[in-house]
Amino acid sequence: MMEKADSVQKLYTRMRLWDFPDQYVIEPTDGSSGSSLAISKVDGSMKLIDEVPQGNSLQVPKIYTIFGVVGMLRLLAGSYLLVITDRECVGSYLGHPIFKISSLKFFPCDHSLKSAPAEQKTEMEFLGLLNVAEKTHGLFFSYETNLTLSAQRLNALGDESKLLPLWRQAEPRFLWNNYMLEVLIDNKLDPYLLPVVQGSILI
């Protein structure tokens with residue numbers, strides 16, 4: 001029991017995304033002391049790093065403030081990182097703040113540019129879908145409580161379930177980003193694993 005409790009880390013609530021030529025680096029900026037996440041633009045692979053790399057005067061990285069990692073979408077020609085670039089607090093549930101996603105953004109991994117022409121055509125069609133996904137409405141999340149279960153079911157689960165990472169508490173059927181979280185789950189990136197639900201919330 002204590003082992004689970006010790007291993008649980010809170011979700012990062014504010015981060016800085018550094019866009020380098022060869023990789024993206026996501027750095028927690030909410031006062032957490034956790035490691036930064038580096039994501040390769042070549043193959044979408046992920047690893048934790050202790051420090052953000054130093055840029056140079058010729059290759060100054062773009063920097064974005066983000067509020068959550070929705071996940072990684074793998075398509076024919078490459079991987080696409082989806083993050084939350086704006087949020088709005090819409091109330092609270094069981095004493096925890098609930099946020100509505102105001103803005104999403106996809107960041108592509110560049111090896112998609114090396115695809116065959118036929119794959120590129122299909123990829124362009126997928127990119128149209130990505131643009132639609134960026135404009136999806138009715139997406140909500142919480143950094144602290146499980147939005148996929150009713151208050152009665154949460155209460156029935158008891159305190160032990162609260163020791164699990166938030167993504168493990170969630171009901172997969174109701175996770176909008178269930179598929180996109182798989183790569184982060186495989187890499188054991190619990191503090192970055194943000195469950196997102198779609199619907200309407202009346203508070």
# chains A, B, ... in the order shown; residues from 1 in each chain; ligands from 1
>>> residues_around(residues="stretch 43-51 of chain A", least_positions_apart="4", cutoff="12 Å", atoms="only C-alpha atoms", output="compact mmCIF listing (two decimals) with N, CA and C atoms, in the first residue's frame")
# COMPACT_ATOMS: atom_id res chain seq x y z
N TRP A 18 9.39 23.60 -25.42
CA TRP A 18 10.49 24.14 -26.22
C TRP A 18 10.49 23.40 -27.57
N ASP A 22 15.36 19.40 -33.58
CA ASP A 22 15.37 17.94 -33.58
C ASP A 22 14.43 17.31 -32.56
N GLN A 23 13.88 18.13 -31.66
CA GLN A 23 13.04 17.56 -30.60
C GLN A 23 12.18 18.63 -29.95
N TYR A 24 11.13 18.15 -29.28
CA TYR A 24 10.35 19.00 -28.39
C TYR A 24 10.75 18.65 -26.96
N VAL A 25 10.84 19.66 -26.11
CA VAL A 25 11.11 19.42 -24.69
C VAL A 25 10.01 20.09 -23.88
N ILE A 26 9.36 19.30 -23.03
CA ILE A 26 8.29 19.82 -22.17
C ILE A 26 8.82 19.91 -20.75
N GLU A 27 8.86 21.13 -20.24
CA GLU A 27 9.46 21.41 -18.93
C GLU A 27 8.38 21.84 -17.94
N PRO A 28 8.20 21.12 -16.83
CA PRO A 28 7.22 21.55 -15.81
C PRO A 28 7.61 22.91 -15.23
N SER A 33 9.31 19.53 -9.12
CA SER A 33 10.75 19.29 -9.30
C SER A 33 11.00 18.13 -10.25
N GLY A 34 9.99 17.78 -11.06
CA GLY A 34 10.10 16.63 -11.94
C GLY A 34 10.99 16.87 -13.14
N SER A 35 11.33 15.79 -13.82
CA SER A 35 12.17 15.85 -15.01
C SER A 35 11.37 16.38 -16.20
N SER A 36 12.10 16.94 -17.16
CA SER A 36 11.48 17.38 -18.41
C SER A 36 11.34 16.19 -19.34
N LEU A 37 10.40 16.30 -20.29
CA LEU A 37 10.13 15.24 -21.25
C LEU A 37 10.63 15.66 -22.62
N ALA A 38 11.54 14.87 -23.19
CA ALA A 38 12.05 15.13 -24.54
C ALA A 38 11.39 14.18 -25.52
N ILE A 39 10.89 14.73 -26.63
CA ILE A 39 10.20 13.94 -27.66
C ILE A 39 10.90 14.16 -28.99
N GLY A 71 -1.77 13.77 -25.49
CA GLY A 71 -1.25 12.48 -25.92
C GLY A 71 -0.52 12.56 -27.24
N MET A 72 -0.22 11.40 -27.79
CA MET A 72 0.49 11.29 -29.06
C MET A 72 -0.38 10.50 -30.03
N LEU A 73 -0.59 11.09 -31.20
CA LEU A 73 -1.38 10.43 -32.24
C LEU A 73 -0.43 9.91 -33.31
N ARG A 74 -0.49 8.60 -33.57
CA ARG A 74 0.38 7.99 -34.58
C ARG A 74 -0.41 7.78 -35.86
N LEU A 75 0.06 8.37 -36.95
CA LEU A 75 -0.57 8.21 -38.26
C LEU A 75 0.39 7.47 -39.19
N ALA A 77 2.42 8.31 -41.57
CA ALA A 77 3.75 8.83 -41.86
C ALA A 77 4.48 9.40 -40.65
N GLY A 78 3.83 9.48 -39.53
CA GLY A 78 4.52 10.05 -38.39
C GLY A 78 3.63 10.19 -37.18
N SER A 79 4.22 10.79 -36.14
CA SER A 79 3.53 10.98 -34.88
C SER A 79 3.24 12.46 -34.67
N TYR A 80 2.14 12.73 -33.96
CA TYR A 80 1.75 14.11 -33.69
C TYR A 80 1.44 14.26 -32.21
N LEU A 81 2.12 15.22 -31.58
CA LEU A 81 1.92 15.51 -30.17
C LEU A 81 0.78 16.51 -30.03
N PHE A 107 1.64 19.19 -32.65
CA PHE A 107 3.03 19.41 -33.03
C PHE A 107 3.51 18.17 -33.78
N PRO A 108 3.84 18.30 -35.08
CA PRO A 108 4.22 17.12 -35.87
C PRO A 108 5.66 16.70 -35.64
N CYS A 109 5.89 15.41 -35.82
CA CYS A 109 7.26 14.90 -35.87
C CYS A 109 7.67 14.84 -37.34
N ASP A 110 8.84 15.37 -37.65
CA ASP A 110 9.19 15.71 -39.02
C ASP A 110 9.43 14.55 -39.96
N HIS A 111 9.60 13.34 -39.45
CA HIS A 111 9.90 12.28 -40.41
C HIS A 111 8.71 11.98 -41.30
N SER A 112 7.56 12.61 -41.02
CA SER A 112 6.41 12.47 -41.92
C SER A 112 6.71 13.08 -43.29
N LEU A 113 7.69 14.00 -43.35
CA LEU A 113 8.01 14.65 -44.62
C LEU A 113 8.77 13.73 -45.57
N LYS A 114 9.27 12.61 -45.05
CA LYS A 114 10.07 11.70 -45.88
C LYS A 114 9.22 10.61 -46.50
N VAL A 183 1.06 5.73 -25.68
CA VAL A 183 2.51 5.85 -25.78
C VAL A 183 3.09 6.40 -24.47
N LEU A 184 2.40 7.36 -23.86
CA LEU A 184 2.87 7.91 -22.59
C LEU A 184 2.78 6.88 -21.47
N ILE A 185 1.72 6.05 -21.52
CA ILE A 185 1.58 4.98 -20.53
C ILE A 185 2.73 3.99 -20.67
N ASP A 186 3.05 3.61 -21.92
CA ASP A 186 4.14 2.67 -22.17
C ASP A 186 5.47 3.20 -21.64
N ASN A 187 5.63 4.53 -21.65
CA ASN A 187 6.88 5.16 -21.18
C ASN A 187 6.83 5.54 -19.71
N LYS A 188 5.74 5.13 -19.02
CA LYS A 188 5.60 5.36 -17.57
C LYS A 188 5.75 6.85 -17.20
N LEU A 189 4.98 7.69 -17.88
CA LEU A 189 5.06 9.14 -17.69
C LEU A 189 3.84 9.65 -16.92
N ASP A 190 3.58 9.06 -15.77
CA ASP A 190 2.37 9.36 -14.99
C ASP A 190 2.10 10.86 -14.78
N PRO A 191 3.09 11.70 -14.43
CA PRO A 191 2.78 13.11 -14.17
C PRO A 191 2.31 13.87 -15.41
N TYR A 192 2.52 13.28 -16.60
CA TYR A 192 2.11 13.92 -17.85
C TYR A 192 0.79 13.35 -18.38
>>> residues_around(residues="A:Glu144", least_positions_apart="3", cutoff="8 Å", atoms="only C-alpha atoms", output="short mmCIF file (atom, residue, chain, number, x, y, z; two decimals) with N, CA, C and O atoms, in the first residue's frame")
data_model
loop_
_atom_site.label_atom_id
_atom_site.label_comp_id
_atom_site.auth_asym_id
_atom_site.auth_seq_id
_atom_site.Cartn_x
_atom_site.Cartn_y
_atom_site.Cartn_z
N LYS A 10 1.69 13.93 -8.61
CA LYS A 10 0.62 14.79 -9.09
C LYS A 10 0.88 15.17 -10.54
O LYS A 10 2.01 15.22 -10.99
N LEU A 11 -0.21 15.46 -11.24
CA LEU A 11 -0.08 15.90 -12.63
C LEU A 11 0.51 17.30 -12.70
O LEU A 11 0.21 18.15 -11.85
N HIS A 96 -12.63 19.99 -6.22
CA HIS A 96 -11.47 20.09 -7.10
C HIS A 96 -11.83 20.92 -8.34
O HIS A 96 -12.92 20.77 -8.90
N PRO A 97 -10.92 21.80 -8.79
CA PRO A 97 -11.20 22.63 -9.98
C PRO A 97 -11.40 21.78 -11.23
O PRO A 97 -10.71 20.79 -11.44
N LEU A 166 -4.01 9.20 -11.77
CA LEU A 166 -5.35 9.59 -12.20
C LEU A 166 -5.80 8.82 -13.45
O LEU A 166 -6.95 8.43 -13.56
#
>>> residues_around(residues="A:Thr148", least_positions_apart="4", cutoff="12 Å", atoms="only C-alpha atoms", output="PyMOL selection string")
chain A and resi 93+140-142+152-154+166-176+178+195-199+201
>>> atom_distance(atom1="atom CA of A:Tyr64", atom2="atom CA of A:Ile98")
22.4 Å
>>> residues_around(residues="A:Ile66", least_positions_apart="2", cutoff="8 Å", atoms="only C-alpha atoms", output="ChimeraX atom specification")
/A:14-17,64,68-69,83-86
>>> closest_residue(among="A:Tyr143, A:Phe106, A:Phe99, A:Tyr179", to="A:Thr13", atoms="only C-alpha atoms")
A:Tyr143
>>> closest_residue(among="A:Cys89, A:Lys41, A:Phe20, A:Asp30", to="A:Lys62", atoms="only C-alpha atoms")
A:Phe20
>>> atom_distance(atom1="atom CA of A:Thr29", atom2="atom CA of A:Leu181")
21.4 Å
